[in-house]
file upload.cif (mmCIF, C-alpha atoms (C1' of nucleotides))
data_coords
loop_
_atom_site.label_atom_id
_atom_site.label_comp_id
_atom_site.auth_asym_id
_atom_site.auth_seq_id
_atom_site.Cartn_x
_atom_site.Cartn_y
_atom_site.Cartn_z
CA MET C 1 19.07 3.94 -16.58
CA SER C 2 18.02 0.36 -16.05
CA PRO C 3 14.89 -0.82 -17.83
CA LEU C 4 12.96 -1.69 -14.67
CA ALA C 5 11.87 -5.20 -15.57
CA ALA C 6 8.38 -6.40 -14.82
CA ASP C 7 9.43 -8.50 -11.83
CA GLN C 8 11.19 -5.48 -10.39
CA ALA C 9 7.88 -3.67 -10.48
CA VAL C 10 6.40 -6.38 -8.30
CA GLN C 11 9.21 -6.04 -5.80
CA LEU C 12 8.95 -2.27 -5.81
CA ALA C 13 5.20 -2.32 -5.33
CA GLU C 14 5.63 -4.69 -2.42
CA MET C 15 7.94 -2.19 -0.75
CA PHE C 16 5.54 0.67 -1.27
CA ARG C 17 2.68 -1.47 -0.05
CA ILE C 18 4.48 -2.16 3.19
CA MET C 19 5.10 1.54 3.71
CA GLY C 20 1.52 2.33 2.75
CA ASP C 21 0.01 1.54 6.10
CA VAL C 22 -0.20 4.34 8.66
CA SER C 23 0.77 2.21 11.64
CA ARG C 24 3.74 0.74 9.84
CA LEU C 25 4.85 4.09 8.47
CA ARG C 26 4.68 5.57 11.98
CA ILE C 27 6.82 2.72 13.22
CA ILE C 28 9.33 3.40 10.49
CA LEU C 29 9.38 7.12 11.28
CA SER C 30 9.92 6.37 14.96
CA CYS C 31 12.95 4.24 14.19
CA LEU C 32 14.51 6.54 11.61
CA ASP C 33 16.78 8.41 13.98
CA GLU C 34 16.96 6.23 17.08
CA GLU C 35 16.97 2.66 18.13
CA LEU C 36 13.76 1.66 19.88
CA ALA C 37 12.55 -1.45 21.67
CA VAL C 38 9.25 -3.00 20.66
CA GLY C 39 7.55 -1.92 23.87
CA ASP C 40 8.75 1.66 23.46
CA ILE C 41 7.38 1.82 19.94
CA ALA C 42 4.06 0.45 21.11
CA ALA C 43 3.89 2.96 23.96
CA ARG C 44 4.82 5.95 21.81
CA LEU C 45 2.37 5.15 19.07
CA ASP C 46 -0.31 3.82 21.38
CA LEU C 47 -0.47 0.46 19.66
CA SER C 48 -0.56 -3.00 21.19
CA PRO C 49 2.84 -4.72 21.42
CA SER C 50 1.34 -7.61 19.50
CA LEU C 51 0.33 -5.40 16.60
CA VAL C 52 3.70 -3.69 16.57
CA SER C 53 5.42 -7.05 16.52
CA HIS C 54 3.33 -8.19 13.58
CA HIS C 55 4.26 -5.07 11.66
CA LEU C 56 7.90 -5.33 12.63
CA ARG C 57 8.09 -8.75 11.07
CA LEU C 58 7.08 -7.33 7.70
CA LEU C 59 9.43 -4.38 8.09
CA ARG C 60 12.28 -6.71 8.94
CA ALA C 61 11.50 -8.99 6.01
CA ALA C 62 11.50 -5.99 3.68
CA ARG C 63 14.83 -4.93 5.18
CA ILE C 64 13.39 -1.58 6.08
CA LEU C 65 14.25 -2.04 9.74
CA ARG C 66 16.88 -4.21 11.36
CA ALA C 67 16.54 -5.91 14.71
CA ASP C 68 19.13 -6.11 17.46
CA ARG C 69 18.43 -8.22 20.52
CA ARG C 70 19.97 -7.12 23.79
CA GLY C 71 18.76 -9.14 26.73
CA LYS C 72 15.02 -9.18 26.96
CA HIS C 73 14.65 -6.27 24.59
CA VAL C 74 14.83 -6.21 20.82
CA PHE C 75 15.81 -2.87 19.37
CA TYR C 76 14.77 -1.77 15.94
CA ALA C 77 16.32 0.88 13.71
CA ALA C 78 16.35 1.91 10.07
CA ALA C 79 18.30 -0.61 8.02
CA ASP C 80 19.87 1.83 5.59
CA ASP C 81 19.60 5.35 4.21
CA HIS C 82 17.49 4.61 1.15
CA ILE C 83 14.27 4.59 3.12
CA ARG C 84 15.15 7.97 4.59
CA CYS C 85 15.58 9.33 1.05
CA VAL C 86 12.34 7.79 -0.13
CA ILE C 87 10.46 9.41 2.72
CA GLU C 88 12.13 12.78 2.22
CA ASP C 89 11.22 12.76 -1.46
CA MET C 90 7.66 11.80 -0.67
CA VAL C 91 7.39 14.57 1.89
CA ALA C 92 8.57 16.97 -0.79
CA HIS C 93 5.85 15.66 -3.07
CA VAL C 94 2.98 16.06 -0.65
CA ARG C 95 4.23 19.53 0.23
CA GLU C 96 4.27 20.54 -3.41
CA PRO C 97 1.43 23.02 -3.95
CA ALA C 98 -1.33 21.71 -6.18
CA ALA C 99 -0.88 22.77 -9.80
CA GLU C 100 -3.04 25.73 -10.79
CA ASP C 101 -4.61 23.93 -13.75
CA GLU C 102 -5.97 21.24 -11.46
CA GLN C 103 -9.71 21.21 -11.17
CA MET S 104 14.36 18.72 9.91
CA SER S 105 10.64 19.12 10.21
CA PRO S 106 8.97 17.06 12.91
CA LEU S 107 6.68 15.10 10.58
CA ALA S 108 3.41 15.62 12.36
CA ALA S 109 0.97 12.76 12.82
CA ASP S 110 -1.37 13.95 10.09
CA GLN S 111 1.54 14.10 7.70
CA ALA S 112 2.14 10.44 8.37
CA VAL S 113 -1.40 9.72 7.23
CA GLN S 114 -0.87 11.66 4.04
CA LEU S 115 2.47 9.98 3.40
CA ALA S 116 1.07 6.52 3.99
CA GLU S 117 -1.74 7.28 1.59
CA MET S 118 0.81 8.10 -1.10
CA PHE S 119 2.77 4.92 -0.50
CA ARG S 120 -0.43 2.92 -0.44
CA ILE S 121 -1.37 4.20 -3.86
CA MET S 122 2.05 3.27 -5.22
CA GLY S 123 1.87 -0.09 -3.47
CA ASP S 124 -0.25 -1.80 -6.10
CA VAL S 125 1.51 -3.53 -8.99
CA SER S 126 -0.94 -2.40 -11.64
CA ARG S 127 -0.82 1.18 -10.46
CA LEU S 128 2.95 1.19 -10.14
CA ARG S 129 3.28 -0.20 -13.67
CA ILE S 130 1.02 2.60 -14.89
CA ILE S 131 3.22 5.13 -13.14
CA LEU S 132 6.37 3.62 -14.59
CA SER S 133 4.86 3.71 -18.07
CA CYS S 134 4.11 7.40 -17.76
CA LEU S 135 7.41 8.42 -16.21
CA ASP S 136 9.17 9.33 -19.44
CA GLU S 137 6.41 9.74 -21.97
CA GLU S 138 2.87 10.91 -22.29
CA LEU S 139 0.44 8.05 -22.86
CA ALA S 140 -3.26 7.79 -23.63
CA VAL S 141 -5.45 5.57 -21.49
CA GLY S 142 -5.92 3.03 -24.24
CA ASP S 143 -2.18 2.83 -24.89
CA ILE S 144 -1.48 2.19 -21.23
CA ALA S 145 -4.12 -0.52 -21.15
CA ALA S 146 -2.69 -2.15 -24.27
CA ARG S 147 0.92 -2.03 -23.09
CA LEU S 148 0.18 -3.45 -19.67
CA ASP S 149 -2.53 -5.82 -20.86
CA LEU S 150 -5.14 -4.37 -18.54
CA SER S 151 -8.73 -3.42 -19.28
CA PRO S 152 -9.24 0.27 -20.10
CA SER S 153 -11.80 0.38 -17.33
CA LEU S 154 -9.35 -0.84 -14.75
CA VAL S 155 -6.70 1.57 -15.97
CA SER S 156 -9.17 4.41 -15.75
CA HIS S 157 -10.06 3.49 -12.19
CA HIS S 158 -6.41 3.51 -11.22
CA LEU S 159 -5.75 6.73 -13.08
CA ARG S 160 -8.35 8.48 -11.01
CA LEU S 161 -6.45 7.67 -7.84
CA LEU S 162 -3.13 8.61 -9.42
CA ARG S 163 -4.58 11.92 -10.56
CA ALA S 164 -6.07 12.63 -7.15
CA ALA S 165 -2.72 11.93 -5.52
CA ARG S 166 -1.10 14.26 -8.05
CA ILE S 167 1.23 11.50 -9.15
CA LEU S 168 0.08 11.79 -12.74
CA ARG S 169 -1.50 14.69 -14.57
CA ALA S 170 -4.08 14.40 -17.31
CA ASP S 171 -4.19 16.30 -20.57
CA ARG S 172 -7.16 15.89 -22.86
CA ARG S 173 -6.60 16.25 -26.59
CA GLY S 174 -9.61 15.37 -28.66
CA LYS S 175 -10.94 11.96 -27.82
CA HIS S 176 -7.76 10.96 -26.04
CA VAL S 177 -6.59 11.80 -22.55
CA PHE S 178 -2.87 11.69 -22.10
CA TYR S 179 -1.24 10.99 -18.78
CA ALA S 180 2.26 11.81 -17.60
CA ALA S 181 4.21 12.14 -14.39
CA ALA S 182 3.13 15.24 -12.50
CA ASP S 183 6.53 16.18 -11.09
CA ASP S 184 10.02 14.86 -10.41
CA HIS S 185 9.51 13.80 -6.80
CA ILE S 186 7.92 10.52 -7.77
CA ARG S 187 10.86 9.77 -10.03
CA CYS S 188 13.20 10.30 -7.08
CA VAL S 189 11.09 8.19 -4.79
CA ILE S 190 11.18 5.33 -7.26
CA GLU S 191 14.90 5.66 -7.89
CA ASP S 192 15.61 5.54 -4.16
CA MET S 193 13.38 2.54 -3.74
CA VAL S 194 15.10 0.76 -6.61
CA ALA S 195 18.39 1.41 -4.85
CA HIS S 196 16.95 -0.11 -1.71
CA VAL S 197 15.73 -3.33 -3.27
CA ARG S 198 19.03 -3.68 -5.10
CA GLU S 199 20.96 -3.33 -1.86
CA PRO S 200 22.44 -6.73 -1.01
CA ALA S 201 20.96 -8.31 2.09
CA ALA S 202 23.02 -7.66 5.21
CA GLU S 203 25.25 -10.56 6.15
CA ASP S 204 23.84 -10.83 9.67
CA GLU S 205 20.36 -11.41 8.28
CA GLN S 206 18.99 -14.85 8.92
"C1'" DC G 207 13.13 -24.68 39.68
"C1'" DG G 208 9.02 -20.92 39.06
"C1'" DT G 209 7.91 -16.04 38.14
"C1'" DT G 210 8.01 -12.00 35.63
"C1'" DT G 211 8.83 -9.17 31.74
"C1'" DA G 212 9.48 -8.65 26.65
"C1'" DT G 213 8.63 -10.21 22.22
"C1'" DA G 214 6.80 -13.35 18.79
"C1'" DT G 215 3.33 -16.25 16.69
"C1'" DG G 216 -1.22 -18.23 15.13
"C1'" DA G 217 -6.08 -18.14 14.40
"C1'" DA G 218 -10.16 -15.53 13.68
"C1'" DT G 219 -12.62 -11.60 11.96
"C1'" DA G 220 -14.27 -7.20 10.31
"C1'" DG G 221 -13.29 -4.00 7.01
"C1'" DA G 222 -10.82 -2.41 2.96
"C1'" DT G 223 -9.54 -2.90 -1.93
"C1'" DG G 224 -8.61 -4.52 -6.76
"C1'" DT G 225 -11.03 -6.24 -10.53
"C1'" DT G 226 -14.95 -7.11 -13.66
"C1'" DC G 227 -19.04 -5.92 -16.02
"C1'" DA G 228 -22.56 -2.80 -17.51
"C1'" DT G 229 -23.56 1.79 -18.33
"C1'" DT G 230 -22.68 6.64 -19.17
"C1'" DT G 231 -20.31 10.71 -20.66
"C1'" DG G 232 -17.41 13.14 -23.93
"C1'" DT G 233 -15.51 13.91 -28.58
"C1'" DT G 234 -15.04 13.50 -33.53
"C1'" DA G 235 -16.73 12.30 -38.01
"C1'" DG G 236 -20.17 11.24 -41.54
"C1'" DC Q 237 -28.91 14.27 -36.20
"C1'" DT Q 238 -26.64 9.18 -35.66
"C1'" DA Q 239 -22.70 6.27 -35.32
"C1'" DA Q 240 -18.26 5.10 -33.57
"C1'" DC Q 241 -14.51 5.48 -30.57
"C1'" DA Q 242 -12.31 6.85 -25.99
"C1'" DA Q 243 -12.62 7.42 -21.31
"C1'" DA Q 244 -15.04 7.58 -16.97
"C1'" DT Q 245 -18.26 5.89 -13.55
"C1'" DG Q 246 -21.06 2.82 -10.44
"C1'" DA Q 247 -22.32 -1.45 -8.51
"C1'" DA Q 248 -21.13 -6.06 -7.18
"C1'" DC Q 249 -17.97 -9.36 -5.64
"C1'" DA Q 250 -14.04 -12.09 -4.29
"C1'" DT Q 251 -9.79 -11.46 -2.14
"C1'" DC Q 252 -6.67 -9.56 0.83
"C1'" DT Q 253 -5.16 -7.37 5.15
"C1'" DA Q 254 -4.94 -4.88 9.59
"C1'" DT Q 255 -6.26 -5.71 14.05
"C1'" DT Q 256 -7.49 -8.33 18.23
"C1'" DC Q 257 -7.11 -12.04 21.36
"C1'" DA Q 258 -5.01 -16.05 23.17
"C1'" DT Q 259 -0.94 -18.48 23.47
"C1'" DA Q 260 3.98 -19.51 23.00
"C1'" DT Q 261 8.90 -18.57 23.17
"C1'" DA Q 262 12.92 -16.01 25.16
"C1'" DA Q 263 15.57 -14.00 28.74
"C1'" DA Q 264 16.59 -12.25 33.38
"C1'" DC Q 265 16.00 -12.84 38.26
"C1'" DG Q 266 14.51 -14.76 42.81
#

call {"tool": "encode", "arguments": {"input": "upload.cif", "output": "structure tokens"}}
result
Amino acid sequence: MSPLAADQAVQLAEMFRIMGDVSRLRIILSCLDEELAVGDIAARLDLSPSLVSHHLRLLRAARILRADRRGKHVFYAAADDHIRCVIEDMVAHVREPAAEDEQ
Amino acid sequence: MSPLAADQAVQLAEMFRIMGDVSRLRIILSCLDEELAVGDIAARLDLSPSLVSHHLRLLRAARILRADRRGKHVFYAAADDHIRCVIEDMVAHVREPAAEDEQ
DNA sequence: CGTTTATATGAATAGATGTTCATTTGTTAG
DNA sequence: CTAACAAATGAACATCTATTCATATAAACG
């Protein structure tokens, strides 16, 4: 539909870039279906809370995750459904069997 | 549905990483709806043929684009529809207005 | 108040990555 | 065959980025 202007490409690439890191993608996946505190994410993924916090800042800025402070804890969850769709489509892609003409 | 095993996360992140570069994403966008030769891509995007070729190798390996040699030219096009969906969803995400509680 | 727990931030660094340039391979034409 | 064009490849480099460590802010509790 829309022509996908050049500046949109920059914005899009930025989004993909943020999701293109294994640690960050794992964080996203962890928060897709449940709200999790920073410490819980760190424990589950075996990452330092500091590192998780650094990544969460990017994910928040990209509006991939949203933060919700409750007392000492800050809970993170998926911001909207688009990211879920993006991931589902990408899963479908990687699961696609390699074309037979590939060499 | 599926549990998204840890190794799948690595594969997924790799895909996003490849799409997370502006030059590469522009190449993908150029080849979404039409077949293009390497030189044409380079000319359209104002990139060196060498650089385009480097990127195309990654895009081929990730099965995002497929190559088709015809004489001296090698034409590239989107390998399947999943990437189209991924991009559409991501466009929808970046177009989503920022939540009002954001600060 | 001070202490403890949870999260965020800043600087420093080691490793990854995009780009350029030079060269090579592949294909067609004369 | 040689020449010309198209694409691919390899090395070198400058830049970026993920991670670590130390420190700071925030909140609850004694």

call {"tool": "residues_near_point", "arguments": {"input": "upload.cif", "point": "(10.0, 7.9, -4.0)", "cutoff": "8 Å", "atoms": "all atoms listed in the file", "output": "compact mmCIF listing (two decimals) with C-alpha atoms, keeping the file's coordinate frame"}}
result
# COMPACT_ATOMS: atom_id res chain seq x y z
CA CYS C 85 15.58 9.33 1.05
CA VAL C 86 12.34 7.79 -0.13
CA ILE C 87 10.46 9.41 2.72
CA ASP C 89 11.22 12.76 -1.46
CA MET C 90 7.66 11.80 -0.67
CA HIS S 185 9.51 13.80 -6.80
CA ILE S 186 7.92 10.52 -7.77
CA ARG S 187 10.86 9.77 -10.03
CA CYS S 188 13.20 10.30 -7.08
CA VAL S 189 11.09 8.19 -4.79
CA ILE S 190 11.18 5.33 -7.26
CA GLU S 191 14.90 5.66 -7.89
CA ASP S 192 15.61 5.54 -4.16
CA MET S 193 13.38 2.54 -3.74

call {"tool": "closest_atom_pairs", "arguments": {"input": "upload.cif", "of": "chain G", "to": "chain C", "cutoff": "8 Å", "atoms": "only C-alpha atoms (C1' of nucleotides)", "output": "tab-separated table"}}
result
residue	atom	partner	partner_atom	distance
G:DT211	C1'	C:Lys72	CA	7.8
G:DA212	C1'	C:Lys72	CA	5.6
G:DT213	C1'	C:Ser53	CA	7.3
G:DA214	C1'	C:Ser53	CA	6.8

call {"tool": "write_last_selection", "arguments": {"input": "upload.cif", "atoms": "C-alpha atoms (C1' of nucleotides)", "output": "PDB file, in the frame of the given file"}}
result
ATOM      1  C1'  DT G 211       8.830  -9.170  31.740  1.00  0.00           C
ATOM      2  C1'  DA G 212       9.480  -8.650  26.650  1.00  0.00           C
ATOM      3  C1'  DT G 213       8.630 -10.210  22.220  1.00  0.00           C
ATOM      4  C1'  DA G 214       6.800 -13.350  18.790  1.00  0.00           C
TER       5       DA G 214
END

call {"tool": "closest_atom_pairs", "arguments": {"input": "upload.cif", "of": "chain Q", "to": "chain S", "cutoff": "10 Å", "atoms": "all atoms listed in the file", "output": "tab-separated table"}}
result
residue	atom	partner	partner_atom	distance
Q:DC241	C1'	S:Lys175	CA	7.9
Q:DA242	C1'	S:Lys175	CA	5.6
Q:DA243	C1'	S:Ser156	CA	7.2
Q:DA244	C1'	S:Ser156	CA	6.8
Q:DT245	C1'	S:His157	CA	8.7

call {"tool": "residues_around", "arguments": {"input": "upload.cif", "residues": "Leu45 (chain C)", "least_positions_apart": "4", "cutoff": "12 Å", "atoms": "only C-alpha atoms (C1' of nucleotides)", "output": "list in words"}}
result
Val22, Ser23, Arg24, Leu25, Arg26, Ile27, Ile28, Leu29, Ser30, Cys31, Leu36, Val38, Gly39, Asp40, Ile41, Pro49, Leu51 and Val52 of chain C; Ala109 and Ala112 of chain S

call {"tool": "closest_residue", "arguments": {"input": "upload.cif", "among": "S:Gly123, S:Asp171, S:Ala181, S:Ala165", "to": "Arg95 (chain C)", "atoms": "all atoms listed in the file"}}
result
S:Ala165

call {"tool": "build_atoms", "arguments": {"input": "upload.cif", "residues": "region 125-146 of chain S", "atoms": "N, CA and C atoms", "output": "PDB file, in the coordinates of the input"}}
result
ATOM      1  N   VAL S 125       0.685  -3.254  -7.811  1.00  0.00           N
ATOM      2  CA  VAL S 125       1.510  -3.530  -8.990  1.00  0.00           C
ATOM      3  C   VAL S 125       0.944  -2.869 -10.233  1.00  0.00           C
ATOM      4  N   SER S 126      -0.339  -3.007 -10.446  1.00  0.00           N
ATOM      5  CA  SER S 126      -0.940  -2.400 -11.640  1.00  0.00           C
ATOM      6  C   SER S 126      -0.709  -0.900 -11.653  1.00  0.00           C
ATOM      7  N   ARG S 127      -0.990  -0.273 -10.510  1.00  0.00           N
ATOM      8  CA  ARG S 127      -0.820   1.180 -10.460  1.00  0.00           C
ATOM      9  C   ARG S 127       0.629   1.580 -10.641  1.00  0.00           C
ATOM     10  N   LEU S 128       1.537   0.838 -10.002  1.00  0.00           N
ATOM     11  CA  LEU S 128       2.950   1.190 -10.140  1.00  0.00           C
ATOM     12  C   LEU S 128       3.402   1.034 -11.586  1.00  0.00           C
ATOM     13  N   ARG S 129       2.913  -0.012 -12.260  1.00  0.00           N
ATOM     14  CA  ARG S 129       3.280  -0.200 -13.670  1.00  0.00           C
ATOM     15  C   ARG S 129       2.764   0.978 -14.500  1.00  0.00           C
ATOM     16  N   ILE S 130       1.569   1.433 -14.179  1.00  0.00           N
ATOM     17  CA  ILE S 130       1.020   2.600 -14.890  1.00  0.00           C
ATOM     18  C   ILE S 130       1.920   3.801 -14.672  1.00  0.00           C
ATOM     19  N   ILE S 131       2.321   4.012 -13.443  1.00  0.00           N
ATOM     20  CA  ILE S 131       3.220   5.130 -13.140  1.00  0.00           C
ATOM     21  C   ILE S 131       4.509   5.014 -13.929  1.00  0.00           C
ATOM     22  N   LEU S 132       5.105   3.828 -13.886  1.00  0.00           N
ATOM     23  CA  LEU S 132       6.370   3.620 -14.590  1.00  0.00           C
ATOM     24  C   LEU S 132       6.218   3.888 -16.088  1.00  0.00           C
ATOM     25  N   SER S 133       5.093   3.496 -16.646  1.00  0.00           N
ATOM     26  CA  SER S 133       4.860   3.710 -18.070  1.00  0.00           C
ATOM     27  C   SER S 133       4.812   5.189 -18.421  1.00  0.00           C
ATOM     28  N   CYS S 134       4.297   5.970 -17.487  1.00  0.00           N
ATOM     29  CA  CYS S 134       4.110   7.400 -17.760  1.00  0.00           C
ATOM     30  C   CYS S 134       5.252   8.262 -17.254  1.00  0.00           C
ATOM     31  N   LEU S 135       6.313   7.645 -16.778  1.00  0.00           N
ATOM     32  CA  LEU S 135       7.410   8.420 -16.210  1.00  0.00           C
ATOM     33  C   LEU S 135       8.117   9.246 -17.273  1.00  0.00           C
ATOM     34  N   ASP S 136       8.346   8.657 -18.445  1.00  0.00           N
ATOM     35  CA  ASP S 136       9.170   9.330 -19.440  1.00  0.00           C
ATOM     36  C   ASP S 136       8.430   9.714 -20.705  1.00  0.00           C
ATOM     37  N   GLU S 137       7.168   9.347 -20.776  1.00  0.00           N
ATOM     38  CA  GLU S 137       6.410   9.740 -21.970  1.00  0.00           C
ATOM     39  C   GLU S 137       4.937   9.885 -21.631  1.00  0.00           C
ATOM     40  N   GLU S 138       4.288  10.699 -22.426  1.00  0.00           N
ATOM     41  CA  GLU S 138       2.870  10.910 -22.290  1.00  0.00           C
ATOM     42  C   GLU S 138       2.143   9.763 -22.961  1.00  0.00           C
ATOM     43  N   LEU S 139       1.149   9.181 -22.279  1.00  0.00           N
ATOM     44  CA  LEU S 139       0.440   8.050 -22.860  1.00  0.00           C
ATOM     45  C   LEU S 139      -1.069   8.214 -22.690  1.00  0.00           C
ATOM     46  N   ALA S 140      -1.812   7.793 -23.716  1.00  0.00           N
ATOM     47  CA  ALA S 140      -3.260   7.790 -23.630  1.00  0.00           C
ATOM     48  C   ALA S 140      -3.728   6.568 -22.857  1.00  0.00           C
ATOM     49  N   VAL S 141      -4.919   6.649 -22.318  1.00  0.00           N
ATOM     50  CA  VAL S 141      -5.450   5.570 -21.490  1.00  0.00           C
ATOM     51  C   VAL S 141      -5.426   4.241 -22.220  1.00  0.00           C
ATOM     52  N   GLY S 142      -5.879   4.260 -23.462  1.00  0.00           N
ATOM     53  CA  GLY S 142      -5.920   3.030 -24.240  1.00  0.00           C
ATOM     54  C   GLY S 142      -4.541   2.437 -24.465  1.00  0.00           C
ATOM     55  N   ASP S 143      -3.555   3.300 -24.687  1.00  0.00           N
ATOM     56  CA  ASP S 143      -2.180   2.830 -24.890  1.00  0.00           C
ATOM     57  C   ASP S 143      -1.654   2.158 -23.631  1.00  0.00           C
ATOM     58  N   ILE S 144      -1.913   2.784 -22.493  1.00  0.00           N
ATOM     59  CA  ILE S 144      -1.480   2.190 -21.230  1.00  0.00           C
ATOM     60  C   ILE S 144      -2.100   0.813 -21.061  1.00  0.00           C
ATOM     61  N   ALA S 145      -3.411   0.748 -21.296  1.00  0.00           N
ATOM     62  CA  ALA S 145      -4.120  -0.520 -21.150  1.00  0.00           C
ATOM     63  C   ALA S 145      -3.517  -1.585 -22.062  1.00  0.00           C
ATOM     64  N   ALA S 146      -3.238  -1.193 -23.314  1.00  0.00           N
ATOM     65  CA  ALA S 146      -2.690  -2.150 -24.270  1.00  0.00           C
ATOM     66  C   ALA S 146      -1.305  -2.618 -23.848  1.00  0.00           C
TER      67      ALA S 146
END
